[in-house]
$ cat upload.cif   # mmCIF, C-alpha atoms
data_model
#
loop_
_atom_site.group_PDB
_atom_site.id
_atom_site.type_symbol
_atom_site.label_atom_id
_atom_site.label_comp_id
_atom_site.auth_asym_id
_atom_site.auth_seq_id
_atom_site.Cartn_x
_atom_site.Cartn_y
_atom_site.Cartn_z
ATOM 1 C CA MET X 154 94.440 97.204 81.055
ATOM 2 C CA PRO X 155 92.980 100.659 80.528
ATOM 3 C CA VAL X 156 89.825 100.411 78.422
ATOM 4 C CA TYR X 157 86.994 102.498 77.068
ATOM 5 C CA ASN X 158 84.230 101.008 74.902
ATOM 6 C CA GLY X 159 86.269 97.939 74.068
ATOM 7 C CA GLN X 160 83.498 95.339 74.012
ATOM 8 C CA ASN X 161 84.490 94.061 70.551
ATOM 9 C CA TYR X 162 87.933 92.813 71.633
ATOM 10 C CA VAL X 163 88.297 93.006 75.420
ATOM 11 C CA ALA X 164 87.201 89.426 76.174
ATOM 12 C CA GLU X 165 89.777 87.959 73.813
ATOM 13 C CA ALA X 166 92.479 90.270 75.161
ATOM 14 C CA VAL X 167 91.682 89.346 78.771
ATOM 15 C CA ARG X 168 91.693 85.629 77.910
ATOM 16 C CA SER X 169 95.147 85.996 76.335
ATOM 17 C CA VAL X 170 96.414 87.439 79.636
ATOM 18 C CA LEU X 171 94.703 84.830 81.820
ATOM 19 C CA GLU X 172 96.050 81.967 79.692
ATOM 20 C CA GLN X 173 99.681 82.884 80.325
ATOM 21 C CA SER X 174 102.069 80.066 81.283
ATOM 22 C CA MET X 175 103.220 82.292 84.151
ATOM 23 C CA THR X 176 100.233 82.610 86.465
ATOM 24 C CA ASP X 177 101.460 84.797 89.338
ATOM 25 C CA PHE X 178 100.123 88.203 88.314
ATOM 26 C CA GLU X 179 97.229 90.575 88.851
ATOM 27 C CA LEU X 180 95.221 91.881 85.914
ATOM 28 C CA ILE X 181 93.789 95.298 86.726
ATOM 29 C CA ILE X 182 91.173 96.467 84.256
ATOM 30 C CA CYS X 183 90.499 100.208 84.468
ATOM 31 C CA ASP X 184 87.255 101.012 82.689
ATOM 32 C CA ASN X 185 86.918 104.684 81.787
ATOM 33 C CA CYS X 186 83.108 104.897 82.023
ATOM 34 C CA SER X 187 82.388 102.791 78.934
ATOM 35 C CA THR X 188 78.950 103.192 77.384
ATOM 36 C CA ASP X 189 78.894 99.709 75.831
ATOM 37 C CA ALA X 190 79.093 96.238 77.430
ATOM 38 C CA THR X 191 82.801 96.489 78.295
ATOM 39 C CA LEU X 192 82.317 96.829 82.051
ATOM 40 C CA ARG X 193 79.873 93.897 82.195
ATOM 41 C CA VAL X 194 82.283 91.666 80.243
ATOM 42 C CA CYS X 195 85.213 92.623 82.492
ATOM 43 C CA ARG X 196 83.262 92.115 85.712
ATOM 44 C CA GLN X 197 82.354 88.617 84.542
ATOM 45 C CA PHE X 198 86.069 87.778 84.252
ATOM 46 C CA ALA X 199 86.641 89.180 87.752
ATOM 47 C CA ARG X 200 83.893 86.929 89.143
ATOM 48 C CA LEU X 201 85.501 83.879 87.527
ATOM 49 C CA ASP X 202 89.182 84.572 88.222
ATOM 50 C CA GLY X 203 90.638 86.053 91.412
ATOM 51 C CA ARG X 204 93.603 87.511 89.514
ATOM 52 C CA VAL X 205 91.288 90.012 87.808
ATOM 53 C CA ARG X 206 90.329 93.263 89.496
ATOM 54 C CA VAL X 207 88.049 95.773 87.769
ATOM 55 C CA VAL X 208 88.158 99.461 88.652
ATOM 56 C CA ASP X 209 85.473 101.620 87.080
ATOM 57 C CA ALA X 210 85.127 105.377 86.759
ATOM 58 C CA ASP X 211 82.144 107.605 87.400
ATOM 59 C CA GLN X 212 82.986 109.697 84.322
ATOM 60 C CA ASN X 213 85.344 109.505 81.363
ATOM 61 C CA ARG X 214 88.436 111.505 82.234
ATOM 62 C CA GLY X 215 90.415 110.733 79.083
ATOM 63 C CA ALA X 216 92.940 108.143 78.004
ATOM 64 C CA ALA X 217 96.004 109.641 79.736
ATOM 65 C CA TRP X 218 94.175 109.727 83.073
ATOM 66 C CA ASN X 219 93.072 106.116 82.663
ATOM 67 C CA PHE X 220 96.559 104.893 81.716
ATOM 68 C CA ASN X 221 98.034 106.701 84.732
ATOM 69 C CA ARG X 222 95.316 105.287 86.967
ATOM 70 C CA SER X 223 96.219 101.753 85.899
ATOM 71 C CA VAL X 224 99.771 102.358 87.117
ATOM 72 C CA ASP X 225 98.506 103.855 90.386
ATOM 73 C CA GLU X 226 96.292 100.800 91.007
ATOM 74 C CA ALA X 227 99.139 98.309 90.518
ATOM 75 C CA HIS X 228 100.688 96.620 93.540
ATOM 76 C CA GLY X 229 103.326 94.392 91.941
ATOM 77 C CA ARG X 230 107.060 94.879 91.626
ATOM 78 C CA LEU X 231 106.831 94.780 87.815
ATOM 79 C CA PHE X 232 104.248 96.352 85.547
ATOM 80 C CA LYS X 233 102.966 95.830 82.018
ATOM 81 C CA TRP X 234 100.294 97.795 80.234
ATOM 82 C CA ALA X 235 97.974 95.529 78.307
ATOM 83 C CA SER X 236 95.662 96.875 75.632
ATOM 84 C CA HIS X 237 92.046 95.849 75.315
ATOM 85 C CA ASP X 238 92.588 94.995 71.653
ATOM 86 C CA ASP X 239 95.955 93.222 71.884
ATOM 87 C CA LEU X 240 96.668 89.532 72.293
ATOM 88 C CA LEU X 241 99.635 88.114 74.192
ATOM 89 C CA SER X 242 101.310 84.881 73.205
ATOM 90 C CA PRO X 243 100.955 82.289 76.007
ATOM 91 C CA HIS X 244 104.577 82.647 77.178
ATOM 92 C CA TYR X 245 104.919 86.435 76.922
ATOM 93 C CA LEU X 246 104.953 87.140 80.661
ATOM 94 C CA HIS X 247 107.256 84.206 81.404
ATOM 95 C CA TYR X 248 109.881 85.228 78.852
ATOM 96 C CA THR X 249 109.858 88.937 79.622
ATOM 97 C CA PHE X 250 109.896 88.288 83.376
ATOM 98 C CA GLU X 251 112.857 85.940 82.900
ATOM 99 C CA VAL X 252 114.841 88.637 81.090
ATOM 100 C CA LEU X 253 114.077 91.249 83.746
ATOM 101 C CA GLU X 254 115.021 88.865 86.566
ATOM 102 C CA GLN X 255 118.284 87.741 84.965
ATOM 103 C CA ARG X 256 119.354 91.187 83.770
ATOM 104 C CA PRO X 257 119.041 93.843 86.498
ATOM 105 C CA ASP X 258 120.518 96.378 84.060
ATOM 106 C CA VAL X 259 117.430 96.027 81.828
ATOM 107 C CA VAL X 260 114.575 98.354 82.759
ATOM 108 C CA ALA X 261 112.048 97.457 80.046
ATOM 109 C CA CYS X 262 111.425 94.317 78.058
ATOM 110 C CA HIS X 263 109.227 93.513 75.088
ATOM 111 C CA CYS X 264 109.272 90.997 72.268
ATOM 112 C CA GLU X 265 108.502 90.771 68.588
ATOM 113 C CA THR X 266 105.084 92.186 67.766
ATOM 114 C CA ALA X 267 102.690 90.994 65.092
ATOM 115 C CA ALA X 268 100.083 93.466 63.913
ATOM 116 C CA ILE X 269 96.750 91.778 63.181
ATOM 117 C CA ASP X 270 93.580 92.941 61.498
ATOM 118 C CA ALA X 271 90.019 92.635 62.839
ATOM 119 C CA GLU X 272 89.889 88.979 61.751
ATOM 120 C CA GLY X 273 93.162 88.113 63.501
ATOM 121 C CA ARG X 274 95.259 87.858 60.322
ATOM 122 C CA THR X 275 98.885 88.977 60.638
ATOM 123 C CA VAL X 276 99.442 92.128 58.592
ATOM 124 C CA GLY X 277 102.926 93.081 59.818
ATOM 125 C CA LEU X 278 105.810 91.994 62.034
ATOM 126 C CA TYR X 279 107.892 94.353 64.127
ATOM 127 C CA ALA X 280 111.016 92.807 65.594
ATOM 128 C CA GLY X 281 112.402 95.913 67.219
ATOM 129 C CA GLN X 282 116.059 95.959 68.124
ATOM 130 C CA PRO X 283 117.257 97.319 71.456
ATOM 131 C CA SER X 284 119.140 100.531 71.088
ATOM 132 C CA PHE X 285 120.764 102.773 73.617
ATOM 133 C CA GLU X 286 122.525 105.066 71.183
ATOM 134 C CA GLN X 287 119.872 107.793 70.970
ATOM 135 C CA ASP X 288 120.084 110.764 73.304
ATOM 136 C CA ARG X 289 116.318 111.196 73.715
ATOM 137 C CA ALA X 290 114.476 108.691 75.925
ATOM 138 C CA SER X 291 111.473 108.739 73.588
ATOM 139 C CA ASP X 292 113.695 107.604 70.698
ATOM 140 C CA ARG X 293 115.173 104.809 72.816
ATOM 141 C CA PHE X 294 111.694 103.749 73.882
ATOM 142 C CA ARG X 295 110.461 103.607 70.273
#
$ encode --input "upload.cif" --output "structure tokens"
Amino acid sequence: MPVYNGQNYVAEAVRSVLEQSMTDFELIICDNCSTDATLRVCRQFARLDGRVRVVDADQNRGAAWNFNRSVDEAHGRLFKWASHDDLLSPHYLHYTFEVLEQRPDVVACHCETAAIDAEGRTVGLYAGQPSFEQDRASDRFR
């Protein structure tokens, strides 16, 4: 979970990861030298739950660096980026892990996404259909 100045939403996002029905994972929070209470909030989660590891930075090196660092810090066989302002449904990891385990031909897995506003109200649904017809990887990813 790369984060910078995410104090408004990071606690709720972290809780949504920690409350997953699948519990065998590591949550790595990479703070990019936040100037608000983000780092303090994240360190509190790390003190309470051994699955959480916080890595801080001595200076802000930009979003791309922090996203790449979160991949470099990961030790697991599978990886998922989590955003500091996103919420996961309680079975997200279980269902996506199940697909990846049962289908070795699948290299990425995601589910329906609901966009929410600052109060948590759903403002849009994005089902996304898998497609392998496009020539460009970025189009397939989208």
$ closest_residue --input "upload.cif" --among "X:Ala164, X:Val259, X:Ser236, X:Gln173" --to "Arg196 in chain X" --atoms "all atoms listed in the file"
X:Ala164
$ atom_distance --input "upload.cif" --atom1 "CA of Asp184 in chain X" --atom2 "CA of Val207 in chain X"
7.3 Å
$ resolve_selection --input "upload.cif" --expression "the PyMOL selection byres ((chain X and resi 239) around 12)" --output "ChimeraX atom specification"
/X:154-156,159,161-170,234-238,240-242,266-271,273
$ closest_residue --input "upload.cif" --among "X:Leu192, X:Leu246, X:Ile182, X:Leu201" --to "Phe220 in chain X" --atoms "only C-alpha atoms"
X:Ile182
$ closest_residue --input "upload.cif" --among "X:Asp288, X:Asp177, X:Glu265, X:Glu172" --to "Gly229 in chain X" --atoms "only C-alpha atoms"
X:Asp177
$ atom_distance --input "upload.cif" --atom1 "CA of Val208 in chain X" --atom2 "CA of Asn158 in chain X"
14.4 Å
$ residues_around --input "upload.cif" --residues "Gly203 in chain X" --least-positions-apart "2" --cutoff "12 Å" --atoms "all atoms listed in the file" --output "PDB file with C-alpha atoms, keeping the file's coordinate frame"
ATOM      1  CA  LEU X 171      94.703  84.830  81.820  1.00  0.00           C
ATOM      2  CA  THR X 176     100.233  82.610  86.465  1.00  0.00           C
ATOM      3  CA  ASP X 177     101.460  84.797  89.338  1.00  0.00           C
ATOM      4  CA  PHE X 178     100.123  88.203  88.314  1.00  0.00           C
ATOM      5  CA  GLU X 179      97.229  90.575  88.851  1.00  0.00           C
ATOM      6  CA  LEU X 180      95.221  91.881  85.914  1.00  0.00           C
ATOM      7  CA  ILE X 181      93.789  95.298  86.726  1.00  0.00           C
ATOM      8  CA  ARG X 196      83.262  92.115  85.712  1.00  0.00           C
ATOM      9  CA  GLN X 197      82.354  88.617  84.542  1.00  0.00           C
ATOM     10  CA  PHE X 198      86.069  87.778  84.252  1.00  0.00           C
ATOM     11  CA  ALA X 199      86.641  89.180  87.752  1.00  0.00           C
ATOM     12  CA  ARG X 200      83.893  86.929  89.143  1.00  0.00           C
ATOM     13  CA  LEU X 201      85.501  83.879  87.527  1.00  0.00           C
ATOM     14  CA  VAL X 205      91.288  90.012  87.808  1.00  0.00           C
ATOM     15  CA  ARG X 206      90.329  93.263  89.496  1.00  0.00           C
ATOM     16  CA  VAL X 207      88.049  95.773  87.769  1.00  0.00           C
TER      17      VAL X 207
END
$ atom_distance --input "upload.cif" --atom1 "CA of Glu254 in chain X" --atom2 "CA of Ser223 in chain X"
22.8 Å
$ axis_aligned_box --input "upload.cif" --around "range 239-255 of chain X" --padding-each-side "8 Å" --output "JSON"
{"center_x": 107.1, "center_y": 87.8, "center_z": 79.2, "size_x": 38.3, "size_y": 26.9, "size_z": 30.7}
$ closest_residue --input "upload.cif" --among "X:Cys183, X:Leu253, X:Tyr248, X:Val194" --to "Val224 in chain X" --atoms "all atoms listed in the file"
X:Cys183
$ closest_residue --input "upload.cif" --among "X:His263, X:Arg274, X:Arg256, X:Asn185" --to "Ala216 in chain X" --atoms "only C-alpha atoms"
X:Asn185
$ closest_residue --input "upload.cif" --among "X:Asp258, X:Glu226, X:Glu251, X:Glu272" --to "Asp209 in chain X" --atoms "all atoms listed in the file"
X:Glu226
$ residues_around --input "upload.cif" --residues "Ser174 in chain X" --least-positions-apart "3" --cutoff "8 Å" --atoms "all atoms listed in the file" --output "VMD selection string"
chain X and resid 243 to 244 246 to 247
